[in-house]
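*Asks:* I'd like to ask some things about the structure below.
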Amino acid sequence: MADLKLPELGENITQGTVTKILVKTGDSVKKGQNILELETDKAVLEVPSNTDGVIGEVLIKSGAVVKVGQSIFTLGGSSSSASTPAPEVKAAPEAKESPAKPAAVSGGVSEMKLPALGENIEKGTVTKVLVKVGDSLKKGQNILEIETDKAVLEVPSPSEGVVKEILIKSGAVIKVGQQIFKIEGGASAASAPEATPTRGHGPREAGSVSPSTLPSDAGLSLKAPQGNPATTNATSPMPVRKDIPAAPSVRLLARELGIDVGQVPGSGKGGRISIDDVKAYCKMLNTNRPAGGGGSVTAVALPNFAKWGAIRREPMNNVRKKTAEHLSNAWTSIPHVTQFDKVDITELEKLRKSISGTNKKISVTPFIIKVMAAALKKFPQFNASIDMSTQEIVYKDYINIGVAVDTDRGLIVPVLKNVDKMSILQISDELTAMAERARLRKTTIEEMQGGCMTISNLGGIGGTCFTPIVNWPEVAILGVSRGSLEPVYTDGHFMPRLMLPLSLSYDHRMIDGADGARFIRWVCEAIQQPFLLDLNK
């Protein structure tokens, strides 16, 4: 029994969404007979079979996105069912098919499919195949490492058996429900355990700090040691619908307007999106865009750089792609203002050294995070998000601080949860653990979500100040640069003081300039009085 793969669809068409499956298991098909209806960005196509045979198993389902060359059916020889006319296939039963269920094939061989990876995660890049042909598998045994836009995940086996063939390779992009192995023997599992993060990484996006050991100098940088390159990105900041009910003409209009069609509310049956829906959504975006704010960024064709010398092109990794998308959205949708200030951390540095030991060095960062938590209670407009679609402000009663992390594979922003309830020492311990997880690419998807405000610390690298980009959907971000000794005039004398530059960027739709100045001044004054901080809570 062979696999029938999706044939070439046309120039520059590499994938499409299945709108209807025209055959079923047991049907006899002839070469040239239409077997699928597929919607691409350009048209709805009828896909013909490129060979004769009998359908063994349908490997895709209505609504799935399939790529050219992907297996769509298993195909056998002649069958007694060939003369039986095939009733119309309905999409609903197809939709019930579990993508994690192994497909039974003759001869005791099963085709193992990629199981569900998590909410709104439909595909990933294979970073490592953990088994080889001939290996015996146990149910739940990790068989793959996959990098998604949110994390690096370890994929468990949904069944037991012996690996007969590996259908994917390192570097390939594969989708949930796609065949990955052929296995023999062992009972097939009805459903696969959900893939778990390794505990993956996944950049979110904001300014950058660096994870490594937490250095003890003022303006510390959380730096991840360099490792093998990998790719991903945070948390997709905007909700994305899996199956977008929109005709090619509607998708084309959305692309021309620079709109993500997945964000457009559909007014038709089943949420189907019309041209009028796209136009209304575009009008809403333009109406809500602040005067003088940047519009959507339109891609402009690059010049032919090869005219001036040798060049090379490398694909963006997932982290870089998502960072670019997220920060472009943040920059164009948020009217930024950045407020600069300096804080005297001379006394804080004394306190920090007094509680640091040989085996445990406390950095400045936990103190700043603790002060930020208190500031968010004092200034609730900084612990909020704006919903322009409903003209509402969402205030949060919890306090989670994201820490931008610069890794060898790009920018990620793990989030410390409920920092207002943690002590300085607990925050320090969690930062150390977070740096280790980042170094090992073990940051979980959950750890990347739920931030209220972000801190981006470049102090370990250097610089006097910078303008961090607000990490949407948050409304503010605090940038920290390198501290340095400066002469400060106090009580009629110049005294050497350790000064730390701070940069506060905020969303001007939510925060007025005066509030921004008050916030950063309050933070500075709190940091300058470290003796008022309770180290134990």
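Ordering of the structure tokens sets the chain letters (A, B, ...); residue numbers start at 1 within each chain; ligands are numbered from 1 in the order shown.
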So that I can see what lies close to Leu75 in chain A, please list as a PyMOL selection string the residues with an atom at most 7 Å from it, counting only C-alpha atoms and leaving out residues fewer than 4 positions away in the same chain.
*Replies:* chain A and resi 1-4+53-56
*Asks:* I need the residues from that last selection saved to file as a compact mmCIF listing (two decimals), in the first residue's frame (with all heavy atoms), if you can.
*Replies:*
# COMPACT_ATOMS: atom_id res chain seq x y z
N MET A 1 0.86 -1.19 0.00
CA MET A 1 0.00 0.00 0.00
C MET A 1 0.89 1.24 0.00
O MET A 1 1.82 1.34 0.79
CB MET A 1 -0.92 -0.01 1.22
CG MET A 1 -1.95 1.11 1.22
SD MET A 1 -3.25 0.86 2.46
CE MET A 1 -4.17 -0.48 1.74
N ALA A 2 0.63 2.15 -0.92
CA ALA A 2 1.46 3.34 -1.08
C ALA A 2 0.70 4.58 -0.60
O ALA A 2 -0.51 4.55 -0.41
CB ALA A 2 1.88 3.49 -2.54
N ASP A 3 1.44 5.64 -0.44
CA ASP A 3 0.84 6.92 -0.06
C ASP A 3 0.55 7.74 -1.30
O ASP A 3 1.39 7.84 -2.20
CB ASP A 3 1.78 7.71 0.85
CG ASP A 3 1.85 7.11 2.25
OD1 ASP A 3 1.04 6.22 2.54
OD2 ASP A 3 2.71 7.54 3.03
N LEU A 4 -0.63 8.31 -1.37
CA LEU A 4 -0.97 9.26 -2.43
C LEU A 4 -0.71 10.65 -1.86
O LEU A 4 -1.29 11.03 -0.85
CB LEU A 4 -2.43 9.11 -2.83
CG LEU A 4 -2.95 10.04 -3.94
CD1 LEU A 4 -2.15 9.86 -5.20
CD2 LEU A 4 -4.42 9.76 -4.21
N GLY A 53 -6.17 3.31 -8.29
CA GLY A 53 -6.06 2.52 -7.07
C GLY A 53 -7.31 2.58 -6.24
O GLY A 53 -8.34 3.13 -6.65
N VAL A 54 -7.21 2.01 -5.04
CA VAL A 54 -8.32 1.98 -4.09
C VAL A 54 -7.92 2.73 -2.84
O VAL A 54 -6.83 2.49 -2.30
CB VAL A 54 -8.72 0.53 -3.76
CG1 VAL A 54 -9.84 0.50 -2.72
CG2 VAL A 54 -9.15 -0.22 -5.01
N ILE A 55 -8.75 3.61 -2.37
CA ILE A 55 -8.45 4.42 -1.18
C ILE A 55 -8.39 3.51 0.04
O ILE A 55 -9.36 2.82 0.38
CB ILE A 55 -9.52 5.51 -0.96
CG1 ILE A 55 -9.57 6.46 -2.16
CG2 ILE A 55 -9.22 6.30 0.32
CD1 ILE A 55 -8.33 7.26 -2.40
N GLY A 56 -7.24 3.51 0.70
CA GLY A 56 -7.09 2.72 1.92
C GLY A 56 -7.50 3.51 3.15
O GLY A 56 -8.34 3.10 3.93
*Asks:* Pick out the residues sitting within 6 Å of range 13-29 of chain A, and hand them over as a PyMOL selection string; count only C-alpha atoms, and ignore anything fewer than 3 positions along from it in its own chain.
*Replies:* chain A and resi 9-10+35-40+52-57+62-68+81-82
*Asks:* Contacts of Arg272 in chain A at 6 Å or less, counting only C-alpha atoms, minus same-chain residues fewer than 5 places along, as a list of chain:residue names?
*Replies:*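 Once the nearby chain positions are removed, what remains is A:Pro245, A:Ala246, A:Gly266.
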*Asks:* Let me see the file: selected residues, N, CA and C atoms, as a JSON list (two decimals), in the first residue's frame.
*Replies:*
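Output contents, as saved in part19.json:
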[["chain", "number", "residue", "atom", "x", "y", "z"],
["A", 245, "PRO", "N", -12.72, 30.87, 7.53],
["A", 245, "PRO", "CA", -13.70, 30.73, 6.46],
["A", 245, "PRO", "C", -13.76, 32.00, 5.62],
["A", 246, "ALA", "N", -12.92, 32.07, 4.62],
["A", 246, "ALA", "CA", -12.88, 33.24, 3.74],
["A", 246, "ALA", "C", -12.48, 32.80, 2.34],
["A", 266, "GLY", "N", -16.23, 37.54, 11.22],
["A", 266, "GLY", "CA", -17.08, 37.19, 10.09],
["A", 266, "GLY", "C", -18.55, 37.34, 10.43]]
*Asks:* To one decimal in Å, tell me the separation between CA of Val261 in chain A and CA of Val278 in chain A.
*Replies:*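 According to the coordinates, CA of Val261 in chain A and CA of Val278 in chain A are separated by 7.4 Å.
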*Asks:* If we count only C-alpha atoms and set the cut-off at 12 Å, which residues sit around Glu474 in chain A, ignoring sequence neighbours fewer than 4 positions away in its own chain? Please answer as a PyMOL selection string.
*Replies:* chain A and resi 204-206+237+330+334+381-387+393-396+399-402+449-455+469-470+478+505-507+509-511
*Asks:* Those same residues - N, CA and C atoms - I'd like them written as a compact mmCIF listing (two decimals), in the first residue's frame.
*Replies:*
# COMPACT_ATOMS: atom_id res chain seq x y z
N ARG A 204 8.78 35.85 23.43
CA ARG A 204 7.84 36.90 23.25
C ARG A 204 8.70 38.04 22.94
N GLU A 205 8.39 39.17 23.08
CA GLU A 205 9.07 40.22 22.40
C GLU A 205 9.06 41.48 23.21
N ALA A 206 10.12 42.09 23.34
CA ALA A 206 10.18 43.35 24.03
C ALA A 206 11.61 43.77 23.92
N PRO A 237 1.13 36.93 19.90
CA PRO A 237 0.47 37.92 20.70
C PRO A 237 -0.99 38.10 20.38
N ALA A 330 3.38 46.02 17.57
CA ALA A 330 3.46 46.90 18.74
C ALA A 330 3.85 48.33 18.34
N ILE A 334 0.88 51.10 18.77
CA ILE A 334 1.03 51.79 20.06
C ILE A 334 1.77 53.11 19.85
N GLN A 381 -3.10 52.20 36.20
CA GLN A 381 -3.20 52.37 34.75
C GLN A 381 -2.01 51.75 34.02
N PHE A 382 -0.94 51.44 34.75
CA PHE A 382 0.20 50.76 34.15
C PHE A 382 -0.01 49.24 34.12
N ASN A 383 -0.93 48.75 34.93
CA ASN A 383 -1.24 47.32 34.98
C ASN A 383 -2.56 47.09 34.25
N ALA A 384 -2.57 47.41 32.98
CA ALA A 384 -3.81 47.38 32.21
C ALA A 384 -3.50 47.07 30.75
N SER A 385 -4.56 46.83 29.99
CA SER A 385 -4.46 46.67 28.54
C SER A 385 -5.64 47.40 27.91
N ILE A 386 -5.47 47.79 26.65
CA ILE A 386 -6.52 48.52 25.94
C ILE A 386 -7.19 47.60 24.93
N ASP A 387 -8.52 47.57 24.96
CA ASP A 387 -9.29 46.82 23.97
C ASP A 387 -9.97 47.84 23.06
N ILE A 393 -10.95 49.52 28.78
CA ILE A 393 -9.66 49.32 29.43
C ILE A 393 -9.78 48.10 30.33
N VAL A 394 -8.84 47.18 30.21
CA VAL A 394 -8.84 45.97 31.02
C VAL A 394 -7.82 46.15 32.15
N TYR A 395 -8.31 46.27 33.38
CA TYR A 395 -7.43 46.39 34.55
C TYR A 395 -7.20 45.00 35.14
N LYS A 396 -5.97 44.75 35.58
CA LYS A 396 -5.61 43.43 36.10
C LYS A 396 -5.38 43.50 37.60
N ILE A 399 -0.26 40.64 39.51
CA ILE A 399 0.96 41.33 39.11
C ILE A 399 2.00 40.30 38.67
N ASN A 400 2.21 40.25 37.35
CA ASN A 400 3.20 39.35 36.76
C ASN A 400 4.19 40.20 35.96
N ILE A 401 5.47 39.97 36.16
CA ILE A 401 6.50 40.77 35.48
C ILE A 401 7.25 39.91 34.48
N GLY A 402 7.28 40.35 33.22
CA GLY A 402 8.06 39.67 32.20
C GLY A 402 9.50 40.18 32.22
N GLN A 449 3.47 33.52 29.12
CA GLN A 449 2.19 34.20 29.02
C GLN A 449 1.82 34.92 30.32
N GLY A 450 0.89 35.88 30.20
CA GLY A 450 0.27 36.49 31.37
C GLY A 450 1.02 37.67 31.96
N GLY A 451 1.95 38.29 31.22
CA GLY A 451 2.69 39.43 31.77
C GLY A 451 1.85 40.68 31.91
N CYS A 452 2.16 41.48 32.93
CA CYS A 452 1.50 42.77 33.14
C CYS A 452 2.40 43.93 32.69
N MET A 453 3.69 43.77 32.90
CA MET A 453 4.67 44.77 32.49
C MET A 453 6.00 44.04 32.32
N THR A 454 6.87 44.58 31.48
CA THR A 454 8.13 43.91 31.17
C THR A 454 9.32 44.76 31.60
N ILE A 455 10.38 44.09 32.03
CA ILE A 455 11.65 44.76 32.29
C ILE A 455 12.67 44.25 31.28
N ILE A 469 10.61 48.89 23.23
CA ILE A 469 9.28 48.88 22.63
C ILE A 469 8.33 48.16 23.57
N VAL A 470 7.17 48.77 23.80
CA VAL A 470 6.16 48.20 24.69
C VAL A 470 5.78 46.81 24.20
N LEU A 478 9.96 48.78 31.22
CA LEU A 478 11.06 49.50 31.88
C LEU A 478 12.38 48.98 31.35
N SER A 505 9.20 53.24 28.61
CA SER A 505 8.35 53.45 27.43
C SER A 505 6.92 53.06 27.79
N TYR A 506 5.96 53.85 27.28
CA TYR A 506 4.57 53.56 27.62
C TYR A 506 3.65 53.93 26.47
N ASP A 507 2.44 53.37 26.54
CA ASP A 507 1.39 53.58 25.54
C ASP A 507 0.67 54.89 25.86
N ARG A 509 -1.83 56.21 24.59
CA ARG A 509 -3.30 56.16 24.60
C ARG A 509 -3.82 55.93 26.00
N MET A 510 -3.03 55.26 26.81
CA MET A 510 -3.46 54.88 28.16
C MET A 510 -2.82 55.75 29.22
N ILE A 511 -1.58 56.16 28.98
CA ILE A 511 -0.80 56.84 30.02
C ILE A 511 -0.39 58.22 29.54
*Asks:* Per residue of range 426-522 of chain A within 10 Å of range 346-355 of chain A, record the nearest atom pair and its distance in Å to one decimal, counting only C-alpha atoms, with rows in chain order and ascending residue number, as a Markdown table.
*Replies:*
| residue | atom | partner | partner_atom | distance |
| --- | --- | --- | --- | --- |
| A:Gly483 | CA | A:Thr346 | CA | 10.0 |
| A:Leu485 | CA | A:Thr346 | CA | 9.0 |
| A:Pro496 | CA | A:Thr346 | CA | 9.0 |
| A:Arg497 | CA | A:Thr346 | CA | 5.8 |
| A:Leu498 | CA | A:Thr346 | CA | 5.0 |
| A:Met499 | CA | A:Thr346 | CA | 7.4 |
| A:Leu500 | CA | A:Thr346 | CA | 9.4 |
*Asks:* The selected residues should be written to file as a PDB file, in the first residue's frame (atoms: C-alpha atoms).
*Replies:*
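Written file, out07.pdb:
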ATOM      1  CA  GLY A 483      25.171  51.706  36.208  1.00  0.00           C
ATOM      2  CA  LEU A 485      29.909  56.121  39.189  1.00  0.00           C
ATOM      3  CA  PRO A 496      30.755  59.728  43.939  1.00  0.00           C
ATOM      4  CA  ARG A 497      27.410  57.959  43.553  1.00  0.00           C
ATOM      5  CA  LEU A 498      26.475  54.834  41.624  1.00  0.00           C
ATOM      6  CA  MET A 499      23.815  55.974  39.150  1.00  0.00           C
ATOM      7  CA  LEU A 500      21.596  53.617  37.166  1.00  0.00           C
TER       8      LEU A 500
END
*Asks:* Between A:Ala438, A:Met388, A:Val337, A:Ala324, which one has atoms that come closest to Val152 in chain A, using only C-alpha atoms?
*Replies:*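 Checking each candidate against Val152 in chain A, we get A:Ala438 as the closest.
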*Asks:* Pick the closest to Glu111 in chain A from A:His326, A:Lys164, A:Lys132, A:Lys283: which is it, counting only C-alpha atoms?
*Replies:*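 Counting only C-alpha atoms, the residue closest to Glu111 in chain A is A:Lys164.
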*Asks:* Using DSSP on the backbone, list every residue of range 283-353 of chain A that comes out as helix (DSSP H, G or I), and give them as a ChimeraX atom specification.
*Replies:* /A:283-288,305-308,318-333,346-353
*Asks:* Mind pulling up the distance from CA of Thr127 in chain A to CA of Glu446 in chain A?
*Replies:*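 Computed distance, CA of Glu446 in chain A to CA of Thr127 in chain A, equals 20.8 Å.
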*Asks:* Could you list, as JSON, numbers by chain, every residue within 12 Å of Met284 in chain A, counting only C-alpha atoms and ignoring same-chain residues fewer than 5 positions away?
*Replies:* {"A": [259, 264, 265, 277, 278, 279, 289, 290, 388, 389, 390, 391]}
*Asks:* For each of A:Leu458, A:Leu167, A:Val371, A:Ile174, take the minimum atom-to-atom distance to Asp420 in chain A, counting only C-alpha atoms, then give the residue where this is smallest.
*Replies:*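 The closest residue to Asp420 in chain A is A:Val371.
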*Asks:* Considering only C-alpha atoms, return as a compact mmCIF listing (two decimals) with N, CA and C atoms, in the first residue's frame whatever protein or nucleic-acid residues lie within 12 Å of Ile369 in chain A, sequence-local ones (same chain, fewer than 2 positions apart) excluded.
*Replies:*
# COMPACT_ATOMS: atom_id res chain seq x y z
N SER A 363 21.47 39.87 42.52
CA SER A 363 21.69 40.97 41.58
C SER A 363 20.75 42.14 41.90
N VAL A 364 20.88 43.19 41.15
CA VAL A 364 20.01 44.36 41.32
C VAL A 364 18.61 44.09 40.78
N THR A 365 18.51 43.21 39.79
CA THR A 365 17.24 42.98 39.11
C THR A 365 16.10 42.59 40.05
N PRO A 366 16.27 41.66 41.01
CA PRO A 366 15.15 41.33 41.90
C PRO A 366 14.62 42.54 42.66
N PHE A 367 15.51 43.44 43.06
CA PHE A 367 15.07 44.64 43.78
C PHE A 367 14.20 45.52 42.86
N VAL A 371 10.20 46.50 43.30
CA VAL A 371 9.72 47.89 43.28
C VAL A 371 8.68 48.06 42.18
N MET A 372 8.91 47.46 41.01
CA MET A 372 7.93 47.55 39.92
C MET A 372 6.58 46.98 40.34
N ALA A 373 6.60 45.88 41.08
CA ALA A 373 5.35 45.28 41.55
C ALA A 373 4.58 46.25 42.44
N ALA A 374 5.31 46.91 43.34
CA ALA A 374 4.66 47.89 44.22
C ALA A 374 4.15 49.09 43.41
N ALA A 375 4.90 49.48 42.38
CA ALA A 375 4.50 50.62 41.55
C ALA A 375 3.23 50.32 40.77
N LEU A 376 3.06 49.08 40.33
CA LEU A 376 1.85 48.72 39.59
C LEU A 376 0.60 48.80 40.47
N ILE A 399 -0.26 40.64 39.51
CA ILE A 399 0.96 41.33 39.11
C ILE A 399 2.00 40.30 38.67
N ASN A 400 2.21 40.25 37.35
CA ASN A 400 3.20 39.35 36.76
C ASN A 400 4.19 40.20 35.96
N ILE A 401 5.47 39.97 36.16
CA ILE A 401 6.50 40.77 35.48
C ILE A 401 7.25 39.91 34.48
N GLY A 402 7.28 40.35 33.22
CA GLY A 402 8.06 39.67 32.20
C GLY A 402 9.50 40.18 32.22
N VAL A 403 10.44 39.28 31.98
CA VAL A 403 11.86 39.65 31.92
C VAL A 403 12.39 39.29 30.54
N VAL A 415 7.80 35.03 32.11
CA VAL A 415 7.04 35.88 33.03
C VAL A 415 7.10 35.30 34.44
N LEU A 416 7.48 36.15 35.40
CA LEU A 416 7.43 35.78 36.82
C LEU A 416 6.03 36.09 37.33
N LYS A 417 5.34 35.08 37.83
CA LYS A 417 3.95 35.24 38.25
C LYS A 417 3.86 35.65 39.72
N ASN A 418 2.91 36.56 39.99
CA ASN A 418 2.58 36.99 41.36
C ASN A 418 3.83 37.46 42.12
N VAL A 419 4.60 38.33 41.49
CA VAL A 419 5.85 38.78 42.12
C VAL A 419 5.60 39.63 43.36
N ASP A 420 4.40 40.21 43.46
CA ASP A 420 4.09 41.00 44.65
C ASP A 420 4.00 40.13 45.90
N LYS A 421 3.84 38.83 45.71
CA LYS A 421 3.75 37.90 46.83
C LYS A 421 5.06 37.16 47.08
N MET A 422 6.11 37.52 46.34
CA MET A 422 7.40 36.86 46.47
C MET A 422 8.39 37.76 47.20
N SER A 423 9.30 37.16 47.90
CA SER A 423 10.36 37.92 48.56
C SER A 423 11.47 38.21 47.56
N ILE A 424 12.37 39.11 47.94
CA ILE A 424 13.52 39.41 47.08
C ILE A 424 14.31 38.14 46.80
N LEU A 425 14.51 37.33 47.83
CA LEU A 425 15.29 36.11 47.67
C LEU A 425 14.57 35.11 46.77
N GLN A 426 13.24 35.03 46.87
CA GLN A 426 12.49 34.14 46.00
C GLN A 426 12.57 34.59 44.55
N ILE A 427 12.47 35.89 44.34
CA ILE A 427 12.59 36.43 42.98
C ILE A 427 13.96 36.12 42.41
N SER A 428 14.99 36.28 43.24
CA SER A 428 16.35 36.00 42.81
C SER A 428 16.50 34.53 42.42
N GLU A 430 14.15 32.48 41.46
CA GLU A 430 13.39 32.17 40.26
C GLU A 430 14.08 32.74 39.01
N LEU A 431 14.71 33.90 39.14
CA LEU A 431 15.47 34.44 38.01
C LEU A 431 16.62 33.52 37.62
N CYS A 452 2.16 41.48 32.93
CA CYS A 452 1.50 42.77 33.14
C CYS A 452 2.40 43.93 32.69
N MET A 453 3.69 43.77 32.90
CA MET A 453 4.67 44.77 32.49
C MET A 453 6.00 44.04 32.32
N THR A 454 6.87 44.58 31.48
CA THR A 454 8.13 43.91 31.17
C THR A 454 9.32 44.76 31.60
N ILE A 455 10.38 44.09 32.03
CA ILE A 455 11.65 44.76 32.29
C ILE A 455 12.67 44.25 31.28
N SER A 456 13.38 45.18 30.67
CA SER A 456 14.41 44.84 29.69
C SER A 456 15.74 45.40 30.20
N ASN A 457 16.63 44.52 30.63
CA ASN A 457 17.86 44.94 31.28
C ASN A 457 19.06 44.68 30.38
N ILE A 477 6.90 49.34 29.56
CA ILE A 477 8.09 48.51 29.70
C ILE A 477 9.19 49.36 30.31
N LEU A 478 9.96 48.78 31.22
CA LEU A 478 11.06 49.50 31.88
C LEU A 478 12.38 48.98 31.35
N GLY A 479 13.19 49.88 30.78
CA GLY A 479 14.52 49.53 30.31
C GLY A 479 15.57 49.92 31.34
N VAL A 480 16.55 49.06 31.55
CA VAL A 480 17.62 49.30 32.52
C VAL A 480 18.96 49.24 31.78
N VAL A 523 9.38 55.04 41.17
CA VAL A 523 10.26 53.88 41.12
C VAL A 523 11.67 54.26 41.57
N ALA A 526 11.79 54.84 45.33
CA ALA A 526 11.68 53.59 46.09
C ALA A 526 12.99 52.81 46.05
N ILE A 527 13.64 52.79 44.88
CA ILE A 527 14.92 52.09 44.76
C ILE A 527 16.00 52.75 45.62
N LEU A 533 12.48 48.23 51.86
CA LEU A 533 12.02 47.00 51.24
C LEU A 533 12.10 45.84 52.23
*Asks:* Quick one: pick out all strand (DSSP E or B) residues within range 273-433 of chain A from a backbone DSSP run and write them as a PyMOL selection string.
*Replies:* chain A and resi 273+336-344+384-387+392-395+401-403+405-407+410-412+415-416
*Asks:* Write to file, as a PDB file, in the first residue's frame, the residues of the selection just made, with C-alpha atoms.
*Replies:*
ATOM      1  CA  ILE A 273     -15.769  36.435   6.297  1.00  0.00           C
ATOM      2  CA  HIS A 336       5.133  55.300  22.176  1.00  0.00           C
ATOM      3  CA  VAL A 337       6.577  57.805  24.614  1.00  0.00           C
ATOM      4  CA  THR A 338       9.855  57.112  26.443  1.00  0.00           C
ATOM      5  CA  GLN A 339      10.732  58.814  29.732  1.00  0.00           C
ATOM      6  CA  PHE A 340      14.345  58.763  30.948  1.00  0.00           C
ATOM      7  CA  ASP A 341      15.663  59.087  34.488  1.00  0.00           C
ATOM      8  CA  LYS A 342      18.583  58.061  36.707  1.00  0.00           C
ATOM      9  CA  VAL A 343      18.403  56.451  40.098  1.00  0.00           C
ATOM     10  CA  ASP A 344      21.064  56.507  42.816  1.00  0.00           C
ATOM     11  CA  ALA A 384      -3.809  47.378  32.213  1.00  0.00           C
ATOM     12  CA  SER A 385      -4.465  46.673  28.537  1.00  0.00           C
ATOM     13  CA  ILE A 386      -6.515  48.525  25.942  1.00  0.00           C
ATOM     14  CA  ASP A 387      -9.289  46.821  23.967  1.00  0.00           C
ATOM     15  CA  GLU A 392     -12.588  49.419  27.024  1.00  0.00           C
ATOM     16  CA  ILE A 393      -9.657  49.322  29.431  1.00  0.00           C
ATOM     17  CA  VAL A 394      -8.837  45.969  31.023  1.00  0.00           C
ATOM     18  CA  TYR A 395      -7.429  46.388  34.546  1.00  0.00           C
ATOM     19  CA  ILE A 401       6.500  40.775  35.481  1.00  0.00           C
ATOM     20  CA  GLY A 402       8.064  39.670  32.198  1.00  0.00           C
ATOM     21  CA  VAL A 403      11.857  39.648  31.925  1.00  0.00           C
ATOM     22  CA  VAL A 405      15.853  37.463  27.684  1.00  0.00           C
ATOM     23  CA  ASP A 406      18.470  37.584  24.942  1.00  0.00           C
ATOM     24  CA  THR A 407      19.283  34.049  23.804  1.00  0.00           C
ATOM     25  CA  GLY A 410      16.489  35.291  19.626  1.00  0.00           C
ATOM     26  CA  LEU A 411      14.417  37.233  22.122  1.00  0.00           C
ATOM     27  CA  ILE A 412      12.057  35.611  24.628  1.00  0.00           C
ATOM     28  CA  VAL A 415       7.035  35.882  33.029  1.00  0.00           C
ATOM     29  CA  LEU A 416       7.432  35.779  36.815  1.00  0.00           C
TER      30      LEU A 416
END
*Asks:* Just how far from CA of Ile121 in chain A is CA of Leu144 in chain A, in Å to one decimal?
*Replies:*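 CA of Ile121 in chain A lies 15.8 Å from CA of Leu144 in chain A.
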*Asks:* Looking at A:Val44, A:Leu504, A:Val319, A:Cys282, which one is nearest to Arg255 in chain A, with distances taken over only C-alpha atoms?
*Replies:* A:Cys282
